[in-house]
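Reviewing the structure listed below.
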2 protein chains.
Amino acid sequence: MTPQSEDFSAWYNELVAKAQLVDRGPAKGTMIIRPYGYRLWELLQAELDRRIKDTGHENAYFPLLIPESYLRREAEHVEGFSPELAVVTHAGGKELDEPLVVRPTSETIIGEMMAKWISSHRDLPLLLNQWANVVRWELRPRMFLRTTEFLWQEGHTAHADEADAMRETMLALDIYAEVARDIAAIPVVPGEKTPGERFAGAVRTFTIEGMMRDGKALQAGTSHYMGTNFAKAFEIQYTSEAGRLELCHTTSWGMSTRMLGGVIMTHGDDKGLVLPPALAPHQVVIVPIGRGEQGEQTLAAARELAGRLKAAGVRAHVDDRSQLSPGFRFNDWELRGVPVRLELGPRDLASGTAVMAKRLGEEGKEQVPLESLPELMPGVLADFQAFLLERATAFRDSNTSRTDTWEAFAEAVATGWASALHCGEASCEDEIKAKTAATPRCIPLAGEPESGSCIHCGAPAAYGKRVLFGRAY
Amino acid sequence: MTPQSEDFSAWYNELVAKAQLVDRGPAKGTMIIRPYGYRLWELLQAELDRRIKDTGHENAYFPLLIPESYLRREAEHVEGFSPELAVVTHAGGKELDEPLVVRPTSETIIGEMMAKWISSHRDLPLLLNQWANVVRWELRPRMFLRTTEFLWQEGHTAHADEADAMRETMLALDIYAEVARDIAAIPVVPGEKTPGERFAGAVRTFTIEGMMRDGKALQAGTSHYMGTNFAKAFEIQYTSEAGRLELCHTTSWGMSTRMLGGVIMTHGDDKGLVLPPALAPHQVVIVPIGRGEQGEQTLAAARELAGRLKAAGVRAHVDDRSQLSPGFRFNDWELRGVPVRLELGPRDLASGTAVMAKRLGEEGKEQVPLESLPELMPGVLADFQAFLLERATAFRDSNTSRTDTWEAFAEAVATGWASALHCGEASCEDEIKAKTAATPRCIPLAGEPESGSCIHCGAPAAYGKRVLFGRAY
């Protein structure tokens, strides 16, 4: 496999295929998510779904095919999405009177239904979420990161006023930041997008940004406050307690299979994937070693151990591919990012131990009594999860610079992120991008108030705090 | 609401809307699954998914958009699906070189990938499943039963030989029958389809058929043995232990949101839905009663009780809509099919009891000590679940006749099912359908060996056993 240091992009492309996460689909930019990759997605989904439900949202399902005219009702929205649409013009053997677009996102069709379902202030807030596939035509596809079709959840909510809608917008962002940090072990920076980077049709867009091991940023989830833009376009209205007809304030927010690309690029190394235990399909793989009768004995012991690990809540897997050499199997599970490998040979079995090898963090292997493994393992996995987050945080922090001169800024964004003051002008953002390939990733929520002049043009700084810049996926 | 006896179809259409299960989508025949309906689907999904995984299958995800040419590779398959296809001809602002069909089912694209992934007998069996949306253009849509887009799982597996593929085909059918009976409380009849009713491209098709309360049949899940048809079309081959290149034998099997239509039509009555506890979003609804301070006390007690019921593994919900009258709320939960309602008024609270009303099965209400409810409720729900299955089984059996004369047959299929011998000729099936609207639903697996002459044309009977006929959805 190409080393990261040589060509990060080639490393990524080779790894997602070799680790059997994905394969290319026949239609341009489409992706097949293979079982190992899909299991990662299911585990991420379960964590997200639980948090979405616990905060009072309900799942629903809206149609894939949306009349083209719906998209035109919100001017910025159609402008943003038109170039990416896949359009059904024929169905049931006939040309359709009105073409149907394959949903690129569902604000329009959900807005139409919200207008039907909401009449009184008692119907608010309306808190919906949908797990779905969406299609956005991709000219430069990249597995997980930018694919013509991807899987995601899209939250869509309607509220009585701006304050309630903004609370919701930030709640969704909090959920994303928590899942990123606690589950994916990605120390994301939550912040607001600058106006030029907003979602098409949004009044305010918030994001979580993670730093990949090549120093680039990945937008890993976004949450939008739509103001009354979609409410006006779709007539989403309610009668207030005072009896007046008012426009709703709506939000939308999404996290997608793109997040899995973030996991790969945040933790992976030249040996392959490194998976956070919270998302690893197999947290522990047991490799029984030996031929003939000895092989049967170690296999039986491995299965027995796996049963005890599962009972302790650990996702354990026995690699029973006895036709493959132990070394080949060790490498395979390293490539596939399994946090802990247990090797179980005849001599280990005789001494009642297994050899424990962690995917990262500590040099060398350790001899551990079989008896103690089920009790021990949850702690080992928790430590591994914490180690990944700490390592990624240290990497991010050591590659992020507070910069107050253009030279320092340009140097910082060549390999990482720069925190700098900016004038807020789109034309100035464009010039920075042309010179350095860096874009404003976000205005971090945690930023301290600060004023001064723009890192690039010297005009008075906007936003009242620093902006995080970096090259991005 | 229109009574079932007056117009079953109107009853159904009104109920799915009034119970807030679904709404109509803007594109022809599409359906919006509202939160209450989607929760039903999620609960069914969880039961199916667990069984699919427990039997060694892995979930994966294949693209929505399939090159049109893929469908043409299997002659019967394209003939069967062509009239129902939705076709993307434009994407990314341009006309596509080759149109893409929105998947109506995924045998073709999965077959293409199986051919890539399988090379040795060691790669077999390959046991895949996918949860996805599919699109089949519907001219006569019916919510849940026939919609242009629906949600389903589709299992796709490849095997070394016919015996292994047939074992798989029957395993999937067993899973479906078990989920139908134990979870949806639908006493389905598993059997084989006659040749004229086979899936497009299959060698053998198996089905589970349920009887709805209007006496019609609903095909609620199908499992297909494809022989080597798709293996030939997509070159799905493996090298055997003997070193020879062999074609795989493949299967596919699916269960969809249609199943929810089956739940509604198997158990519902003129008051509304009746949900089996295993699928009910709310198994128990507690309605606190009273105004002012008394209302606050019963609400607090209801919440406390709901907490204890949840701790006992019961899906309990508190209806805190104090602005609505108790009677309105009782009717609402009857309409929405909640198995058990607990009414909690000030006098109940004073006596430490609640009034328990079951949705079906026993007349009248019962006074039950609050203290004992959490311990009691799992048994009450299990009894309710069992009662629904028994009632549906009795209904099915009393509306199924063994018929040996044409007159008896015609009379039986006017209101239910007929078990009869048949010659197996498609033209004879067609004539029966023209005269009675009944079609062969399946050749029940459990049928006893029997020979004789065709119920319609008198020719020697085929299949060696009776065929089940009925009008169908």
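Identifiers in the structure tokens: chain A, B, ... in order shown; residue index from 1 per chain; ligand index from 1 in order shown.
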Write out as a PyMOL selection string every residue belonging to chain B that has an atom at most 6 Å from any atom of chain A, counting only C-alpha atoms.
-> chain B and resi 32-35+38+58-62+83-88+90-93+137
Residue contacts of Thr157 (chain B) (7 Å, only C-alpha atoms) excluding same-chain residues fewer than 6 positions away, as a list in words = Pro125, Leu126, Leu127, Leu128, Thr250, Thr251 and Ser252 of chain B
Could you pull the residues within 12 Å of His121 (chain B), counting only C-alpha atoms, minus those fewer than 2 positions along the same chain, as a list in words?
-> Trp117, Ile118, Ser119, Asp123, Leu124, Pro125, Leu126, Ala158, His159, Ala160, Asp161, Ile236, Gln237, Tyr238, Thr239, Ser240, Glu241, Ala242, Gly243, Arg244, Leu245, Glu246, Leu247 and Cys248 of chain B
9 Å contact set for region 334-345 of chain B, only C-alpha atoms, chain neighbours under 5 positions out, as number ranges by chain = B: 15, 18-21, 36, 268, 270-277, 280-290, 294-295, 298-299, 301-302, 326, 329, 350, 353-360, 380-381, 384-385
Name the residues in contact with Thr2 (chain A) at a cut-off of 10 Å, using only C-alpha atoms, excluding same-chain residues fewer than 6 positions from it; report them as a ChimeraX atom specification.
-> /A:8-15,270-271
Saved selection, atoms kept: N, CA and C atoms, as a PDB file, in the first residue's frame:
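Written out: again-v3.pdb:
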```
ATOM      1  N   PHE A   8      -1.116  10.708   0.216  1.00  0.00           N
ATOM      2  CA  PHE A   8      -2.204  10.438   1.151  1.00  0.00           C
ATOM      3  C   PHE A   8      -3.458   9.969   0.416  1.00  0.00           C
ATOM      4  N   SER A   9      -3.690  10.602  -0.720  1.00  0.00           N
ATOM      5  CA  SER A   9      -4.882  10.309  -1.489  1.00  0.00           C
ATOM      6  C   SER A   9      -4.844   8.876  -2.048  1.00  0.00           C
ATOM      7  N   ALA A  10      -3.678   8.471  -2.543  1.00  0.00           N
ATOM      8  CA  ALA A  10      -3.529   7.099  -3.050  1.00  0.00           C
ATOM      9  C   ALA A  10      -3.666   6.111  -1.896  1.00  0.00           C
ATOM     10  N   TRP A  11      -3.051   6.448  -0.744  1.00  0.00           N
ATOM     11  CA  TRP A  11      -3.190   5.604   0.453  1.00  0.00           C
ATOM     12  C   TRP A  11      -4.662   5.364   0.773  1.00  0.00           C
ATOM     13  N   TYR A  12      -5.432   6.437   0.760  1.00  0.00           N
ATOM     14  CA  TYR A  12      -6.855   6.342   1.091  1.00  0.00           C
ATOM     15  C   TYR A  12      -7.601   5.450   0.093  1.00  0.00           C
ATOM     16  N   ASN A  13      -7.400   5.733  -1.181  1.00  0.00           N
ATOM     17  CA  ASN A  13      -8.123   4.978  -2.210  1.00  0.00           C
ATOM     18  C   ASN A  13      -7.790   3.492  -2.164  1.00  0.00           C
ATOM     19  N   GLU A  14      -6.505   3.185  -1.921  1.00  0.00           N
ATOM     20  CA  GLU A  14      -6.115   1.773  -1.858  1.00  0.00           C
ATOM     21  C   GLU A  14      -6.694   1.114  -0.610  1.00  0.00           C
ATOM     22  N   LEU A  15      -6.659   1.846   0.492  1.00  0.00           N
ATOM     23  CA  LEU A  15      -7.092   1.263   1.759  1.00  0.00           C
ATOM     24  C   LEU A  15      -8.577   0.918   1.769  1.00  0.00           C
ATOM     25  N   ASP A 270      -0.065   3.553   7.943  1.00  0.00           N
ATOM     26  CA  ASP A 270       0.456   2.816   6.791  1.00  0.00           C
ATOM     27  C   ASP A 270       0.179   1.314   6.838  1.00  0.00           C
ATOM     28  N   LYS A 271      -0.193   0.809   8.010  1.00  0.00           N
ATOM     29  CA  LYS A 271      -0.569  -0.607   8.086  1.00  0.00           C
ATOM     30  C   LYS A 271      -2.041  -0.814   7.725  1.00  0.00           C
TER      31      LYS A 271
END
```
Smallest atom-to-atom distance to Thr222 (chain B): which of B:Ser256, B:Gln45, B:Gln323, B:Thr207, using only C-alpha atoms?
->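 Closest candidate: B:Thr207.
Distance-wise, CA of Leu445 (chain A) and CA of Pro190 (chain A) end up 6.1 Å apart.
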Compile the contact shell of Phe206 (chain B) as a PDB file with N, CA, C and O atoms, in the first residue's frame: residues with an atom at most 10 Å away, counting only C-alpha atoms, same-chain residues fewer than 2 positions apart removed.
```
ATOM      1  N   THR B 169     -33.140 -20.798   0.307  1.00  0.00           N
ATOM      2  CA  THR B 169     -34.453 -20.312  -0.117  1.00  0.00           C
ATOM      3  C   THR B 169     -35.512 -20.629   0.942  1.00  0.00           C
ATOM      4  O   THR B 169     -36.347 -19.784   1.290  1.00  0.00           O
ATOM      5  N   MET B 170     -35.444 -21.850   1.473  1.00  0.00           N
ATOM      6  CA  MET B 170     -36.427 -22.271   2.471  1.00  0.00           C
ATOM      7  C   MET B 170     -36.143 -21.637   3.837  1.00  0.00           C
ATOM      8  O   MET B 170     -37.075 -21.355   4.595  1.00  0.00           O
ATOM      9  N   ALA B 172     -34.978 -18.598   4.326  1.00  0.00           N
ATOM     10  CA  ALA B 172     -35.536 -17.237   4.264  1.00  0.00           C
ATOM     11  C   ALA B 172     -37.054 -17.299   4.426  1.00  0.00           C
ATOM     12  O   ALA B 172     -37.652 -16.495   5.146  1.00  0.00           O
ATOM     13  N   LEU B 173     -37.676 -18.279   3.761  1.00  0.00           N
ATOM     14  CA  LEU B 173     -39.133 -18.416   3.879  1.00  0.00           C
ATOM     15  C   LEU B 173     -39.530 -18.703   5.333  1.00  0.00           C
ATOM     16  O   LEU B 173     -40.520 -18.158   5.835  1.00  0.00           O
ATOM     17  N   PRO B 190     -47.252 -20.850   4.210  1.00  0.00           N
ATOM     18  CA  PRO B 190     -46.077 -20.874   3.345  1.00  0.00           C
ATOM     19  C   PRO B 190     -46.280 -21.908   2.232  1.00  0.00           C
ATOM     20  O   PRO B 190     -46.819 -22.983   2.483  1.00  0.00           O
ATOM     21  N   GLY B 191     -45.869 -21.545   1.048  1.00  0.00           N
ATOM     22  CA  GLY B 191     -46.031 -22.478  -0.067  1.00  0.00           C
ATOM     23  C   GLY B 191     -45.265 -22.019  -1.284  1.00  0.00           C
ATOM     24  O   GLY B 191     -44.600 -20.983  -1.267  1.00  0.00           O
ATOM     25  N   GLU B 192     -45.388 -22.836  -2.343  1.00  0.00           N
ATOM     26  CA  GLU B 192     -44.688 -22.496  -3.578  1.00  0.00           C
ATOM     27  C   GLU B 192     -45.657 -21.862  -4.564  1.00  0.00           C
ATOM     28  O   GLU B 192     -46.835 -22.238  -4.627  1.00  0.00           O
ATOM     29  N   LYS B 193     -45.172 -20.896  -5.317  1.00  0.00           N
ATOM     30  CA  LYS B 193     -45.984 -20.272  -6.353  1.00  0.00           C
ATOM     31  C   LYS B 193     -46.078 -21.216  -7.553  1.00  0.00           C
ATOM     32  O   LYS B 193     -45.134 -21.963  -7.841  1.00  0.00           O
ATOM     33  N   THR B 194     -47.183 -21.161  -8.251  1.00  0.00           N
ATOM     34  CA  THR B 194     -47.284 -21.908  -9.510  1.00  0.00           C
ATOM     35  C   THR B 194     -46.431 -21.178 -10.551  1.00  0.00           C
ATOM     36  O   THR B 194     -46.082 -20.002 -10.361  1.00  0.00           O
ATOM     37  N   GLU B 197     -46.933 -17.535 -11.531  1.00  0.00           N
ATOM     38  CA  GLU B 197     -46.832 -16.496 -10.507  1.00  0.00           C
ATOM     39  C   GLU B 197     -45.395 -16.313 -10.022  1.00  0.00           C
ATOM     40  O   GLU B 197     -45.151 -15.624  -9.032  1.00  0.00           O
ATOM     41  N   ARG B 198     -44.445 -16.935 -10.726  1.00  0.00           N
ATOM     42  CA  ARG B 198     -43.048 -16.832 -10.296  1.00  0.00           C
ATOM     43  C   ARG B 198     -42.465 -15.444 -10.530  1.00  0.00           C
ATOM     44  O   ARG B 198     -42.870 -14.739 -11.442  1.00  0.00           O
ATOM     45  N   PHE B 199     -41.463 -15.117  -9.734  1.00  0.00           N
ATOM     46  CA  PHE B 199     -40.664 -13.898  -9.911  1.00  0.00           C
ATOM     47  C   PHE B 199     -39.966 -13.960 -11.263  1.00  0.00           C
ATOM     48  O   PHE B 199     -39.545 -15.026 -11.714  1.00  0.00           O
ATOM     49  N   ARG B 204     -37.789 -21.232  -9.048  1.00  0.00           N
ATOM     50  CA  ARG B 204     -38.871 -21.545  -8.106  1.00  0.00           C
ATOM     51  C   ARG B 204     -39.103 -20.333  -7.219  1.00  0.00           C
ATOM     52  O   ARG B 204     -38.155 -19.680  -6.789  1.00  0.00           O
ATOM     53  N   ILE B 208     -45.273 -16.449   1.436  1.00  0.00           N
ATOM     54  CA  ILE B 208     -46.169 -16.619   2.582  1.00  0.00           C
ATOM     55  C   ILE B 208     -47.417 -15.802   2.268  1.00  0.00           C
ATOM     56  O   ILE B 208     -47.336 -14.658   1.840  1.00  0.00           O
ATOM     57  N   GLU B 209     -48.585 -16.425   2.471  1.00  0.00           N
ATOM     58  CA  GLU B 209     -49.849 -15.771   2.127  1.00  0.00           C
ATOM     59  C   GLU B 209     -50.702 -15.614   3.385  1.00  0.00           C
ATOM     60  O   GLU B 209     -50.914 -16.576   4.126  1.00  0.00           O
ATOM     61  N   GLY B 221     -44.384 -11.922   1.667  1.00  0.00           N
ATOM     62  CA  GLY B 221     -42.932 -12.098   1.588  1.00  0.00           C
ATOM     63  C   GLY B 221     -42.668 -13.201   0.586  1.00  0.00           C
ATOM     64  O   GLY B 221     -43.462 -14.138   0.473  1.00  0.00           O
ATOM     65  N   THR B 222     -41.603 -13.080  -0.186  1.00  0.00           N
ATOM     66  CA  THR B 222     -41.305 -14.126  -1.174  1.00  0.00           C
ATOM     67  C   THR B 222     -39.824 -14.481  -1.136  1.00  0.00           C
ATOM     68  O   THR B 222     -38.978 -13.659  -0.770  1.00  0.00           O
ATOM     69  N   SER B 223     -39.538 -15.721  -1.517  1.00  0.00           N
ATOM     70  CA  SER B 223     -38.168 -16.229  -1.526  1.00  0.00           C
ATOM     71  C   SER B 223     -37.982 -17.021  -2.817  1.00  0.00           C
ATOM     72  O   SER B 223     -38.801 -17.876  -3.146  1.00  0.00           O
ATOM     73  N   HIS B 224     -36.918 -16.675  -3.546  1.00  0.00           N
ATOM     74  CA  HIS B 224     -36.750 -17.225  -4.891  1.00  0.00           C
ATOM     75  C   HIS B 224     -35.456 -18.019  -5.043  1.00  0.00           C
ATOM     76  O   HIS B 224     -34.387 -17.554  -4.638  1.00  0.00           O
ATOM     77  N   TYR B 225     -35.578 -19.189  -5.655  1.00  0.00           N
ATOM     78  CA  TYR B 225     -34.400 -19.930  -6.094  1.00  0.00           C
ATOM     79  C   TYR B 225     -34.210 -19.610  -7.572  1.00  0.00           C
ATOM     80  O   TYR B 225     -35.093 -19.866  -8.384  1.00  0.00           O
ATOM     81  N   TRP B 253     -34.671 -12.876  -1.837  1.00  0.00           N
ATOM     82  CA  TRP B 253     -35.876 -12.926  -0.981  1.00  0.00           C
ATOM     83  C   TRP B 253     -36.123 -11.550  -0.384  1.00  0.00           C
ATOM     84  O   TRP B 253     -35.196 -10.833  -0.050  1.00  0.00           O
ATOM     85  N   CYS B 442     -50.790 -20.230  -3.609  1.00  0.00           N
ATOM     86  CA  CYS B 442     -49.603 -21.078  -3.442  1.00  0.00           C
ATOM     87  C   CYS B 442     -49.997 -22.536  -3.349  1.00  0.00           C
ATOM     88  O   CYS B 442     -51.174 -22.866  -3.177  1.00  0.00           O
ATOM     89  N   ILE B 443     -48.985 -23.376  -3.480  1.00  0.00           N
ATOM     90  CA  ILE B 443     -49.135 -24.805  -3.214  1.00  0.00           C
ATOM     91  C   ILE B 443     -48.563 -24.991  -1.813  1.00  0.00           C
ATOM     92  O   ILE B 443     -47.344 -24.941  -1.621  1.00  0.00           O
ATOM     93  N   PRO B 444     -49.434 -25.098  -0.803  1.00  0.00           N
ATOM     94  CA  PRO B 444     -48.940 -25.082   0.588  1.00  0.00           C
ATOM     95  C   PRO B 444     -47.908 -26.178   0.838  1.00  0.00           C
ATOM     96  O   PRO B 444     -48.083 -27.323   0.416  1.00  0.00           O
ATOM     97  N   LEU B 445     -46.839 -25.817   1.534  1.00  0.00           N
ATOM     98  CA  LEU B 445     -45.798 -26.780   1.863  1.00  0.00           C
ATOM     99  C   LEU B 445     -46.372 -27.921   2.681  1.00  0.00           C
ATOM    100  O   LEU B 445     -45.945 -29.065   2.561  1.00  0.00           O
TER     101      LEU B 445
END
```
Output as a PyMOL selection string all residues of region 292-429 of chain A that backbone DSSP marks as strand (DSSP E).
-> chain A and resi 316-318+340-344+353-358+366-369+400-402+417-420
Preceding selection exported with C-alpha atoms as a PDB file, in the first residue's frame:
```pdb
ATOM      1  CA  ALA A 316     -15.403 -10.667  19.463  1.00  0.00           C
ATOM      2  CA  HIS A 317     -14.671 -12.618  16.298  1.00  0.00           C
ATOM      3  CA  VAL A 318     -12.790 -15.874  15.757  1.00  0.00           C
ATOM      4  CA  VAL A 340      -7.221  -5.795  19.803  1.00  0.00           C
ATOM      5  CA  ARG A 341      -5.899  -9.084  18.449  1.00  0.00           C
ATOM      6  CA  LEU A 342      -5.587 -12.175  20.619  1.00  0.00           C
ATOM      7  CA  GLU A 343      -3.236 -14.906  19.391  1.00  0.00           C
ATOM      8  CA  LEU A 344      -3.881 -18.343  20.769  1.00  0.00           C
ATOM      9  CA  THR A 353      -2.844 -17.469  28.357  1.00  0.00           C
ATOM     10  CA  ALA A 354      -3.260 -15.595  25.084  1.00  0.00           C
ATOM     11  CA  VAL A 355      -0.979 -13.082  23.424  1.00  0.00           C
ATOM     12  CA  MET A 356      -2.664  -9.675  23.277  1.00  0.00           C
ATOM     13  CA  ALA A 357      -1.579  -7.225  20.580  1.00  0.00           C
ATOM     14  CA  LYS A 358      -3.131  -3.789  20.358  1.00  0.00           C
ATOM     15  CA  GLU A 366       1.520  -8.981  26.186  1.00  0.00           C
ATOM     16  CA  GLN A 367       0.816 -12.406  27.679  1.00  0.00           C
ATOM     17  CA  VAL A 368      -2.594 -12.357  29.402  1.00  0.00           C
ATOM     18  CA  PRO A 369      -4.392 -15.124  31.357  1.00  0.00           C
ATOM     19  CA  THR A 400      -3.181  24.434  14.234  1.00  0.00           C
ATOM     20  CA  SER A 401      -1.503  27.843  14.500  1.00  0.00           C
ATOM     21  CA  ARG A 402      -2.716  31.220  15.673  1.00  0.00           C
ATOM     22  CA  TRP A 417      -5.007  24.904  10.065  1.00  0.00           C
ATOM     23  CA  ALA A 418      -4.615  28.596  10.770  1.00  0.00           C
ATOM     24  CA  SER A 419      -6.660  30.582  13.254  1.00  0.00           C
ATOM     25  CA  ALA A 420      -6.798  34.137  11.969  1.00  0.00           C
TER      26      ALA A 420
END
```
Residues flagged helix (DSSP H, G or I) by DSSP in region 91-223 of chain B, as JSON, numbers by chain = {"B": [107, 108, 109, 110, 111, 112, 113, 114, 115, 116, 117, 121, 122, 123, 162, 163, 164, 165, 166, 167, 168, 169, 170, 171, 172, 173, 174, 175, 176, 177, 178, 179, 180, 181, 182, 183, 195, 196, 197]}
What is the CA of Arg50 (chain A)-CA of Tyr176 (chain A) distance in Å, reported with one decimal?
-> 12.2 Å
Skip Gly210 (chain B) itself and residues of its chain fewer than 5 positions away, then list as a list of chain:residue names all residues within 9 Å of it, counting only C-alpha atoms.
->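 The residues that qualify are B:Ala180, B:Ile186, B:Pro187, B:Val188, B:Val189, B:Lys216, B:Ala217, B:Leu218, B:Gln219, B:Ala220, B:Gly262, B:Thr266, B:Arg396.
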